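Engineer: Take this structure first; my questions come after.
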Amino acid sequence: MKTESCREWRESLGAYALGHLPDDERAGLEAHLDGCAECRAEADSLALVSRLLPHGDPERFGPAPAPPTALAGRVAAAVAAERRDGRRRRRLRLGLAFSGATAAAATAALAIFILPGGSAPGPEQHLTFRSVPQGVTIAATLNPQAFGTEIHMYVKGIRSGTLCRVFMRGPGGADVSAGTFRYRWGGDEAAVLSSALDLSRARALVVHAGGHTFVAPIGGDKTAMYDKPQQEATT
Amino acid sequence: MPPGALTRERDVREAYAAHAGELYGFAMRSLGDSGLAEEAVQETFLRAWRAGERFDPQIGSLRTWLFAILRNVVIDLGRARAVRPGVAEGGVEPSVEPLDEALLAWQVEEAMRRIGEQHRQVLVETYYRGRPYAEVAEELGVPEGTVKSRVYYGLRALRVVLEEMGYED
């Protein structure tokens, strides 16, 4: 029941919730709360708030740092890029569902069917880049195709947004661009690139990322490797 | 697809305008690095965009949903940082507050920023600094009863702000 005395007690409820009321005042207030459900409910709800206070650090009550204005544009651009890539990513997921031996067999069968009389392409090759910083993974799967080589790049552990440029090293030692992709932190999907170079003629896969160059020899053509061993290098 | 789902680029822009400041503030508080905080906020909106069709405002607010995503992003970033050579080899990892404690702390601090200066001031002086009401009253040049009533209205204001922020106990 709300009474005149509520008004005089109400404003003590804050100090009461924080445990700041002198004993005599607290006793008087508690006597009132025993008989007033409304003030009791208010006291209880302020007690809940007061229990959160120890979690806050008063040194941090000042203005919070604001994000740089350029971040809005970067987020918008990243979302737009993702929308444009949407169709390709869906296709890729479908492709990955058939990965492994089944895919290799299917690819081979398809190639034989399309190219009667032509030589069936060799098996796909898996490459892992070894001389990389701790915590970083760079790997690739190379699929021989009629047009050349399809490259699936997997990258983990580098800074999000890093531009990666991929090259295939030809038999003459020249690096031929196979395209670029950006590593997006949290993205688990492979980037799919392609090169006109036949896998059987490729000597190495080269990745430039974040100012470093990573080289993985391609072992399909053993003679090429033994002729002139490829140096795995981190510069 | 529920109405209000985050499916258009415009939805993301609006969500960014409404919530990026807070998300960045929390990311800065838990990661302590502006570069990482920017990365975390960008990743949060990308993940929100990817999962946009699943967001249902009937279930929870956009703000709560974004914070839940950011929380996961911060955990993942923390893991990625833990395996990064510099930190692992240096052997001096800054002490890291458990994430949920950081989120709770951040909510209290953000609520404190949103209430009026007079209310925040008396709560800081009487509660956090433990100063007597009479002393605070004298310093502010107001009666002691005014300090007491500001403490009461300050706590009420905090309650309202925390409710607006979606805090549930």
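Ligands are numbered from 1 in the order shown, residues from 1 within each chain, and chains are lettered A, B, ... in the order they appear in the structure tokens.
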Residues of chain A that have any atom at most 6 Å from an atom of chain B: could you tabulate them with the shortest-distance atom pair and the distance in Å to one decimal, using only C-alpha atoms, ordered by chain and increasing number, as CSV?
Structural biologist:
```
residue,atom,partner,partner_atom,distance
A:Glu11,CA,B:Ser149,CA,5.0
A:Gly14,CA,B:Tyr152,CA,3.8
A:His55,CA,B:Ala105,CA,4.8
A:Gly56,CA,B:Ala105,CA,4.8
A:Phe61,CA,B:Glu109,CA,5.4
A:Ala64,CA,B:Gly25,CA,5.7
A:Pro65,CA,B:Gly25,CA,5.8
A:Ala66,CA,B:Gly21,CA,5.7
A:Pro67,CA,B:Tyr24,CA,5.9
A:Val75,CA,B:Gln42,CA,5.4
A:Gln134,CA,B:Pro85,CA,5.7
A:Gly135,CA,B:Val83,CA,5.3
```
Engineer: Write out as a list in words each polymer residue whose atoms come within 10 Å of Cys164 in chain A, counting only C-alpha atoms; drop sequence neighbours fewer than 4 positions from it.
Structural biologist: Met153, Val155, Gly179, Thr180, Phe181, Arg182, Tyr183, Val207, His208, Ala209, Gly210, Gly211, His212 and Thr213 of chain A
Engineer: Please produce a file of those selected residues containing N, CA and C atoms, as an mmCIF file, in the first residue's frame.
Structural biologist:
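Dumped everything to selection-v2.cif:
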```cif
data_model
loop_
_atom_site.group_PDB
_atom_site.id
_atom_site.type_symbol
_atom_site.label_atom_id
_atom_site.label_comp_id
_atom_site.auth_asym_id
_atom_site.auth_seq_id
_atom_site.Cartn_x
_atom_site.Cartn_y
_atom_site.Cartn_z
ATOM 1 N N MET A 153 43.273 -23.048 -53.287
ATOM 2 C CA MET A 153 44.197 -22.572 -52.258
ATOM 3 C C MET A 153 43.517 -22.542 -50.888
ATOM 4 N N VAL A 155 44.268 -21.219 -46.998
ATOM 5 C CA VAL A 155 45.172 -20.416 -46.179
ATOM 6 C C VAL A 155 44.564 -20.266 -44.793
ATOM 7 N N GLY A 179 46.556 -15.792 -60.670
ATOM 8 C CA GLY A 179 45.466 -14.996 -60.096
ATOM 9 C C GLY A 179 45.743 -14.576 -58.662
ATOM 10 N N THR A 180 44.794 -13.872 -58.126
ATOM 11 C CA THR A 180 44.932 -13.356 -56.759
ATOM 12 C C THR A 180 43.694 -13.711 -55.955
ATOM 13 N N PHE A 181 43.858 -13.713 -54.653
ATOM 14 C CA PHE A 181 42.685 -13.823 -53.777
ATOM 15 C C PHE A 181 43.027 -13.146 -52.472
ATOM 16 N N ARG A 182 42.008 -12.863 -51.705
ATOM 17 C CA ARG A 182 42.230 -12.239 -50.417
ATOM 18 C C ARG A 182 41.834 -13.226 -49.336
ATOM 19 N N TYR A 183 42.726 -13.412 -48.389
ATOM 20 C CA TYR A 183 42.374 -14.286 -47.278
ATOM 21 C C TYR A 183 41.428 -13.541 -46.351
ATOM 22 N N VAL A 207 53.510 -18.467 -53.870
ATOM 23 C CA VAL A 207 52.512 -17.564 -53.286
ATOM 24 C C VAL A 207 53.222 -16.356 -52.685
ATOM 25 N N HIS A 208 52.810 -15.166 -53.104
ATOM 26 C CA HIS A 208 53.289 -13.927 -52.483
ATOM 27 C C HIS A 208 52.188 -13.438 -51.546
ATOM 28 N N ALA A 209 52.494 -13.302 -50.264
ATOM 29 C CA ALA A 209 51.487 -12.819 -49.307
ATOM 30 C C ALA A 209 52.172 -12.039 -48.204
ATOM 31 N N GLY A 210 51.640 -10.859 -47.911
ATOM 32 C CA GLY A 210 52.154 -10.058 -46.797
ATOM 33 C C GLY A 210 53.646 -9.806 -46.868
ATOM 34 N N GLY A 211 54.181 -9.589 -48.051
ATOM 35 C CA GLY A 211 55.596 -9.275 -48.181
ATOM 36 C C GLY A 211 56.500 -10.505 -48.163
ATOM 37 N N HIS A 212 55.905 -11.696 -48.110
ATOM 38 C CA HIS A 212 56.699 -12.927 -48.122
ATOM 39 C C HIS A 212 56.431 -13.714 -49.398
ATOM 40 N N THR A 213 57.390 -14.530 -49.746
ATOM 41 C CA THR A 213 57.217 -15.419 -50.889
ATOM 42 C C THR A 213 57.345 -16.858 -50.409
#
```
Engineer: Between CA of Glu135 in chain B and CA of Gln121 in chain B, what is the distance in Å, rounded to a tenth?
Structural biologist: 13.3 Å
Engineer: In Å, rounded to a single decimal, give me how far CA of Thr137 in chain A is from CA of Arg169 in chain A.
Structural biologist: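 Interatomic distance here is 20.6 Å.
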Engineer: Please provide as an MDAnalysis selection string all residues within 12 Å of Leu142 in chain A, with the sequence filter that same-chain residues fewer than 4 positions apart are discarded (counting only C-alpha atoms).
Structural biologist: chainID A and resid 99:100 104 121:128 148:154 168 178 190:195 197:200 202 204:205 216 218:220
Engineer: Could you please take those selected residues and save N, CA and C atoms as a short mmCIF file (atom, residue, chain, number, x, y, z; two decimals), in the first residue's frame?
Structural biologist:
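Written file, selection-v8.cif:
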```
data_model
loop_
_atom_site.label_atom_id
_atom_site.label_comp_id
_atom_site.auth_asym_id
_atom_site.auth_seq_id
_atom_site.Cartn_x
_atom_site.Cartn_y
_atom_site.Cartn_z
N SER A 99 34.82 -34.02 -53.44
CA SER A 99 36.28 -34.01 -53.40
C SER A 99 36.83 -35.41 -53.16
N GLY A 100 38.13 -35.50 -53.22
CA GLY A 100 38.78 -36.78 -52.95
C GLY A 100 38.76 -37.69 -54.15
N ALA A 104 38.31 -37.21 -58.33
CA ALA A 104 39.40 -37.50 -59.26
C ALA A 104 38.93 -38.49 -60.32
N PRO A 121 44.17 -36.83 -67.94
CA PRO A 121 45.06 -36.05 -67.09
C PRO A 121 45.48 -36.87 -65.87
N GLY A 122 46.60 -36.54 -65.33
CA GLY A 122 47.09 -37.25 -64.15
C GLY A 122 46.23 -36.96 -62.94
N PRO A 123 46.56 -37.58 -61.81
CA PRO A 123 45.76 -37.37 -60.60
C PRO A 123 46.00 -35.98 -60.02
N GLU A 124 45.08 -35.56 -59.17
CA GLU A 124 45.26 -34.26 -58.51
C GLU A 124 46.42 -34.36 -57.53
N GLN A 125 47.02 -33.22 -57.24
CA GLN A 125 48.15 -33.21 -56.33
C GLN A 125 47.88 -32.29 -55.15
N HIS A 126 48.31 -32.73 -53.99
CA HIS A 126 48.16 -31.92 -52.78
C HIS A 126 49.51 -31.36 -52.38
N LEU A 127 49.54 -30.07 -52.16
CA LEU A 127 50.79 -29.42 -51.75
C LEU A 127 50.60 -28.75 -50.40
N THR A 128 51.60 -28.88 -49.54
CA THR A 128 51.60 -28.10 -48.30
C THR A 128 52.89 -27.30 -48.27
N GLY A 148 44.27 -26.51 -68.51
CA GLY A 148 45.51 -26.25 -67.78
C GLY A 148 45.41 -26.85 -66.39
N THR A 149 45.47 -26.00 -65.37
CA THR A 149 45.44 -26.49 -63.99
C THR A 149 44.46 -25.67 -63.16
N GLU A 150 43.66 -26.37 -62.42
CA GLU A 150 42.78 -25.68 -61.48
C GLU A 150 43.46 -25.76 -60.11
N ILE A 151 43.51 -24.60 -59.42
CA ILE A 151 44.23 -24.52 -58.14
C ILE A 151 43.25 -24.17 -57.03
N HIS A 152 43.17 -25.00 -56.02
CA HIS A 152 42.37 -24.68 -54.83
C HIS A 152 43.34 -24.30 -53.72
N MET A 153 43.27 -23.05 -53.29
CA MET A 153 44.20 -22.57 -52.26
C MET A 153 43.52 -22.54 -50.89
N TYR A 154 44.20 -23.07 -49.89
CA TYR A 154 43.71 -23.02 -48.51
C TYR A 154 44.73 -22.25 -47.68
N MET A 168 52.35 -19.96 -60.99
CA MET A 168 52.87 -21.30 -61.26
C MET A 168 54.19 -21.13 -61.99
N ALA A 178 48.68 -16.95 -61.68
CA ALA A 178 47.48 -17.79 -61.68
C ALA A 178 46.33 -17.05 -61.02
N ALA A 190 38.06 -22.75 -49.88
CA ALA A 190 39.24 -22.57 -50.71
C ALA A 190 38.99 -21.48 -51.73
N ALA A 191 40.06 -20.79 -52.11
CA ALA A 191 39.98 -19.89 -53.26
C ALA A 191 40.30 -20.73 -54.49
N VAL A 192 39.50 -20.58 -55.52
CA VAL A 192 39.73 -21.37 -56.73
C VAL A 192 40.36 -20.48 -57.79
N LEU A 193 41.52 -20.89 -58.27
CA LEU A 193 42.24 -20.12 -59.28
C LEU A 193 42.55 -21.07 -60.43
N SER A 194 42.98 -20.50 -61.53
CA SER A 194 43.33 -21.39 -62.63
C SER A 194 44.53 -20.85 -63.38
N SER A 195 45.22 -21.76 -64.02
CA SER A 195 46.38 -21.40 -64.83
C SER A 195 46.31 -22.18 -66.13
N LEU A 197 48.85 -23.22 -67.56
CA LEU A 197 49.98 -24.15 -67.56
C LEU A 197 49.50 -25.56 -67.21
N ASP A 198 49.95 -26.54 -67.98
CA ASP A 198 49.59 -27.93 -67.67
C ASP A 198 50.29 -28.34 -66.38
N LEU A 199 49.58 -29.06 -65.56
CA LEU A 199 50.15 -29.47 -64.27
C LEU A 199 51.42 -30.29 -64.49
N SER A 200 51.42 -31.11 -65.56
CA SER A 200 52.58 -31.98 -65.78
C SER A 200 53.85 -31.18 -66.10
N ALA A 202 54.33 -28.02 -64.75
CA ALA A 202 54.59 -27.03 -63.69
C ALA A 202 55.66 -27.52 -62.73
N ALA A 204 56.64 -25.55 -59.77
CA ALA A 204 56.40 -25.12 -58.39
C ALA A 204 55.18 -24.21 -58.34
N LEU A 205 54.61 -24.15 -57.15
CA LEU A 205 53.53 -23.19 -56.91
C LEU A 205 54.13 -22.11 -56.00
N ALA A 216 56.33 -23.93 -53.11
CA ALA A 216 56.20 -25.37 -52.89
C ALA A 216 56.47 -26.07 -54.21
N ILE A 218 56.34 -28.74 -57.09
CA ILE A 218 55.29 -29.65 -57.56
C ILE A 218 55.98 -30.95 -57.96
N GLY A 219 55.54 -32.04 -57.31
CA GLY A 219 56.28 -33.29 -57.46
C GLY A 219 55.80 -34.19 -58.58
N GLY A 220 54.87 -33.73 -59.38
CA GLY A 220 54.28 -34.58 -60.42
C GLY A 220 55.33 -35.06 -61.40
#
```
